Amino acid sequence: MGYRVVQWGTGNVGRHALRCIIGHPDLELVGVWVHGDDKVGKDAGELCGVGPVGVLATNDADELMAMRADCVSYMATGDLRPNEAVEDMCRILETGSNVVSTSVVPLVYPPTADPRAAARLEEACRVGGTSCFTSGIDPGFANDLLPLTLLGACERVDSVRVMEILNYDTYDQAEVLFETMGFGQALDSTPLLLFPGALTFAWGGVVSMIAEGLGVELDEIRETHERRPAETTFDIAAGRVEAGTTAALRFEVQGIVNGRPAIVVEHVTRLHDALAPDWPQPAGHGSYRILIEGSPSLKCELELSDTAGDHNAAGLTVTAMRLLNAIPAVCEAEPGLLSTLDLPLVTGRHVMR
C-alpha cells in the first residue's frame with residue numbers, strides 16, 4: 001500500500017477527506033479520530049457515506065499517535081481553539097508522523113504566523129524529524145499557488161487581485177456563518193471575523209506569500225469591509241436569515257506596496273444571488289477570480305462543481321485534496337514548517353480513473 005494516513009476530524013472538511021483517503025490509490029487509511037461519542041466505534045466508511053472499510057473511529061488520541069502513521073490529516077476545528085490545535089499537531093509531529101492540516105489558517109505562510117506557535121511547531125518537527133503543511137482552497141491554493149503560477153508568466157506586474165465570489169447558501173455550517181462571519185446579525189454588530197486584525201490574521205499570510213514570490217516589500221496590510229442586509233426573511237441550509245440582518249459581506253485584505261494597494265485578497269459573499277447586485281458577480285454559480293494588471297494583463301476564472309452541481313461541496317473536496325495529494329511531498333520534505341513556496345509541484349498523481 002501507499003502512505004499510511006490517519007484522518008483527524010470528520011466535520012465539514014474532514015468527512016470529505018476521509019472519503020478521499022479511502023478512494024486514493026496512494027494512501028492507506030489506518031485510523032480515524034472523532035470528537036463526538038456517537039461516532040466512536042463506527043466504521044470509517046459509514047462516517048463518510050461509503051461501504052465498510054474495516055477501520056473503526058476512536059477518540060483515543062494516544063492510540064492513534066502510537067501507530068506512527070506516515071501522515072496525519074489534521075482537520076479538527078481550529079478557528080476558536082488555535083492553541084489547542086497547535087498543541088495537538090505538536091504531539092503528533094513529535095511522535096514521528098507528518099501533518100497536513102486546514103485548521104490554523106495563518107500557518108499557510110509560517111513566517112507571518114504567530115511566532116510562538118511557529119516556534120513550538122518547528123521544535124516538534126525537529127524532535128520528530130517531521131514536516132507540517134497547512135493549506136486548503138482559501139486560504140490556500142486559490143489565492144497562493146494559482147496566482148503565483150500566473151505571475152510567473154508576466155513581464156511586469158502592476159497589481160494582483162485574488163477574489164472569492166460565492167453564494168454560501170448551501171454551506172451547512174451555522175457556527176461559521178452566523179457566529180464567525182456575522183450573517184443573520186445586525187449590520188452594526190462585530191462578529192469574530194470583523195474584529196480589527198482578524199481578516200489579516202486569516203488572509204494576511206497569503207498576501208505576504210505573494211509578496212515574497214514577487215520579491216517586493218509590503219509597507220503594511222490594510223483591511224476594509226462592508227455589509228448589506230436581507231430584504232426579506234429566507235432560509236438557507238444552515239438556518240434562517242431574518243429581514244434586515246446581514247446577508248452579504250464584502251471585504252478586502254490589501255497588501256500596500258509603495259503606498260498603494262498592490263496585492264489584494266477580496267471576498268464577495270452572498271447568502272442569496274439577488275443581494276448586492278452592484279458588487280462583483282461570479283462566473284456561473286460562484287468562482288475564484290484572479291486579476292493581474294501588467295504586461296500582459298491576465299484574468300483567470302476558476303469554477304467548481306461537484307457531481308450534484310454544488311459549488312460549496314466541491315470547495316470542501318478541493319480543500320481536502322490540496323492537502324491529501326501533497327502528502328508524498330510533505331513526507332519527503334526536510335523537517336519543519338512548510339508553505340506552498342517550499343513544495344514541488346503537487347499534481348493529481350494516480351487519481352485519474
# chains A, B, ... in the order shown; residues from 1 in each chain; ligands from 1
call {"tool": "select_by_dssp", "arguments": {"residues": "stretch 132-250 of chain A", "states": "strand (DSSP E or B)", "output": "ChimeraX atom specification"}}
result
/A:132-134,137,140,156-167,220-229,234-236,239-241,246-250
call {"tool": "write_last_selection", "arguments": {"atoms": "C-alpha atoms", "output": "PDB file, in the first residue's frame"}}
result
ATOM      1  CA  CYS A 132       3.871  20.206   8.675  1.00  0.00           C
ATOM      2  CA  PHE A 133       1.939  21.788   5.793  1.00  0.00           C
ATOM      3  CA  THR A 134      -1.218  23.897   6.142  1.00  0.00           C
ATOM      4  CA  ILE A 137      -8.578  26.355  -1.072  1.00  0.00           C
ATOM      5  CA  GLY A 140      -4.866  28.016   0.114  1.00  0.00           C
ATOM      6  CA  ARG A 156       5.739  43.256 -15.498  1.00  0.00           C
ATOM      7  CA  VAL A 157       3.227  43.224 -12.659  1.00  0.00           C
ATOM      8  CA  ASP A 158       1.447  46.369 -11.512  1.00  0.00           C
ATOM      9  CA  SER A 159      -1.122  44.709  -9.247  1.00  0.00           C
ATOM     10  CA  VAL A 160      -2.757  41.381  -8.451  1.00  0.00           C
ATOM     11  CA  ARG A 161      -6.237  40.851  -7.040  1.00  0.00           C
ATOM     12  CA  VAL A 162      -7.434  37.425  -5.906  1.00  0.00           C
ATOM     13  CA  MET A 163     -11.203  37.134  -5.406  1.00  0.00           C
ATOM     14  CA  GLU A 164     -13.656  34.633  -3.997  1.00  0.00           C
ATOM     15  CA  ILE A 165     -17.196  35.367  -5.243  1.00  0.00           C
ATOM     16  CA  LEU A 166     -19.608  32.824  -3.805  1.00  0.00           C
ATOM     17  CA  ASN A 167     -23.116  32.273  -2.527  1.00  0.00           C
ATOM     18  CA  GLU A 220       1.626  47.413   5.579  1.00  0.00           C
ATOM     19  CA  ILE A 221      -1.547  45.335   5.336  1.00  0.00           C
ATOM     20  CA  ARG A 222      -4.929  47.086   5.495  1.00  0.00           C
ATOM     21  CA  GLU A 223      -8.478  45.771   5.919  1.00  0.00           C
ATOM     22  CA  THR A 224     -11.794  47.043   4.570  1.00  0.00           C
ATOM     23  CA  HIS A 225     -15.310  45.616   4.702  1.00  0.00           C
ATOM     24  CA  GLU A 226     -18.949  46.424   4.010  1.00  0.00           C
ATOM     25  CA  ARG A 227     -22.234  44.608   4.584  1.00  0.00           C
ATOM     26  CA  ARG A 228     -25.715  44.507   3.066  1.00  0.00           C
ATOM     27  CA  PRO A 229     -28.992  43.391   4.713  1.00  0.00           C
ATOM     28  CA  PHE A 234     -35.333  33.496   3.906  1.00  0.00           C
ATOM     29  CA  ASP A 235     -33.856  30.112   4.829  1.00  0.00           C
ATOM     30  CA  ILE A 236     -30.517  28.607   3.864  1.00  0.00           C
ATOM     31  CA  GLY A 239     -30.721  28.214   9.225  1.00  0.00           C
ATOM     32  CA  ARG A 240     -32.948  31.288   8.897  1.00  0.00           C
ATOM     33  CA  VAL A 241     -31.808  34.775   7.894  1.00  0.00           C
ATOM     34  CA  THR A 246     -26.543  40.834   7.475  1.00  0.00           C
ATOM     35  CA  ALA A 247     -26.909  38.683   4.364  1.00  0.00           C
ATOM     36  CA  ALA A 248     -23.995  39.839   2.182  1.00  0.00           C
ATOM     37  CA  LEU A 249     -20.400  40.599   3.137  1.00  0.00           C
ATOM     38  CA  ARG A 250     -17.568  42.090   1.101  1.00  0.00           C
TER      39      ARG A 250
END
call {"tool": "residues_around", "arguments": {"residues": "stretch 30-33 of chain A", "least_positions_apart": "6", "cutoff": "8 Å", "atoms": "only C-alpha atoms", "output": "ChimeraX atom specification"}}
result
/A:4-10,44,55-61,64,69
call {"tool": "atom_distance", "arguments": {"atom1": "atom CA of A:Gly129", "atom2": "atom CA of A:Pro335"}}
result
5.3 Å
call {"tool": "select_by_dssp", "arguments": {"residues": "stretch 58-282 of chain A", "states": "alpha helix (DSSP H)", "output": "ChimeraX atom specification"}}
result
/A:61-65,82-94,115-128,145-151,174,198-214
call {"tool": "residues_around", "arguments": {"residues": "stretch 183-198 of chain A", "least_positions_apart": "2", "cutoff": "7 Å", "atoms": "only C-alpha atoms", "output": "number ranges by chain"}}
result
A: 177-181, 200-202, 227, 241-242, 245-247
call {"tool": "atom_distance", "arguments": {"atom1": "atom CA of A:Leu271", "atom2": "atom CA of A:Tyr168"}}
result
5.3 Å
call {"tool": "closest_residue", "arguments": {"among": "A:Leu80, A:Ala117, A:Ala85, A:Val206", "to": "A:Pro139", "atoms": "only C-alpha atoms"}}
result
A:Val206
call {"tool": "closest_residue", "arguments": {"among": "A:Glu94, A:Leu150, A:Gly284, A:Asp144", "to": "A:Leu341", "atoms": "only C-alpha atoms"}}
result
A:Asp144
call {"tool": "residues_around", "arguments": {"residues": "A:Val13", "least_positions_apart": "3", "cutoff": "8 Å", "atoms": "only C-alpha atoms", "output": "PyMOL selection string"}}
result
chain A and resi 10+16-17+75+316-317+319-320
call {"tool": "atom_distance", "arguments": {"atom1": "atom CA of A:Arg15", "atom2": "atom CA of A:Cys48"}}
result
5.4 Å
call {"tool": "residues_around", "arguments": {"residues": "A:Arg322", "least_positions_apart": "3", "cutoff": "8 Å", "atoms": "only C-alpha atoms", "output": "list in words"}}
result
Ser135, Gly136, Ile137, Phe141, Val318, Thr319, Asn325 and Ala326 of chain A
call {"tool": "residues_around", "arguments": {"residues": "A:Asn143", "least_positions_apart": "4", "cutoff": "12 Å", "atoms": "only C-alpha atoms", "output": "PyMOL selection string"}}
result
chain A and resi 108-109+135-139+147-151+160-164+203-210+253+263-267+288-291+300+302+340
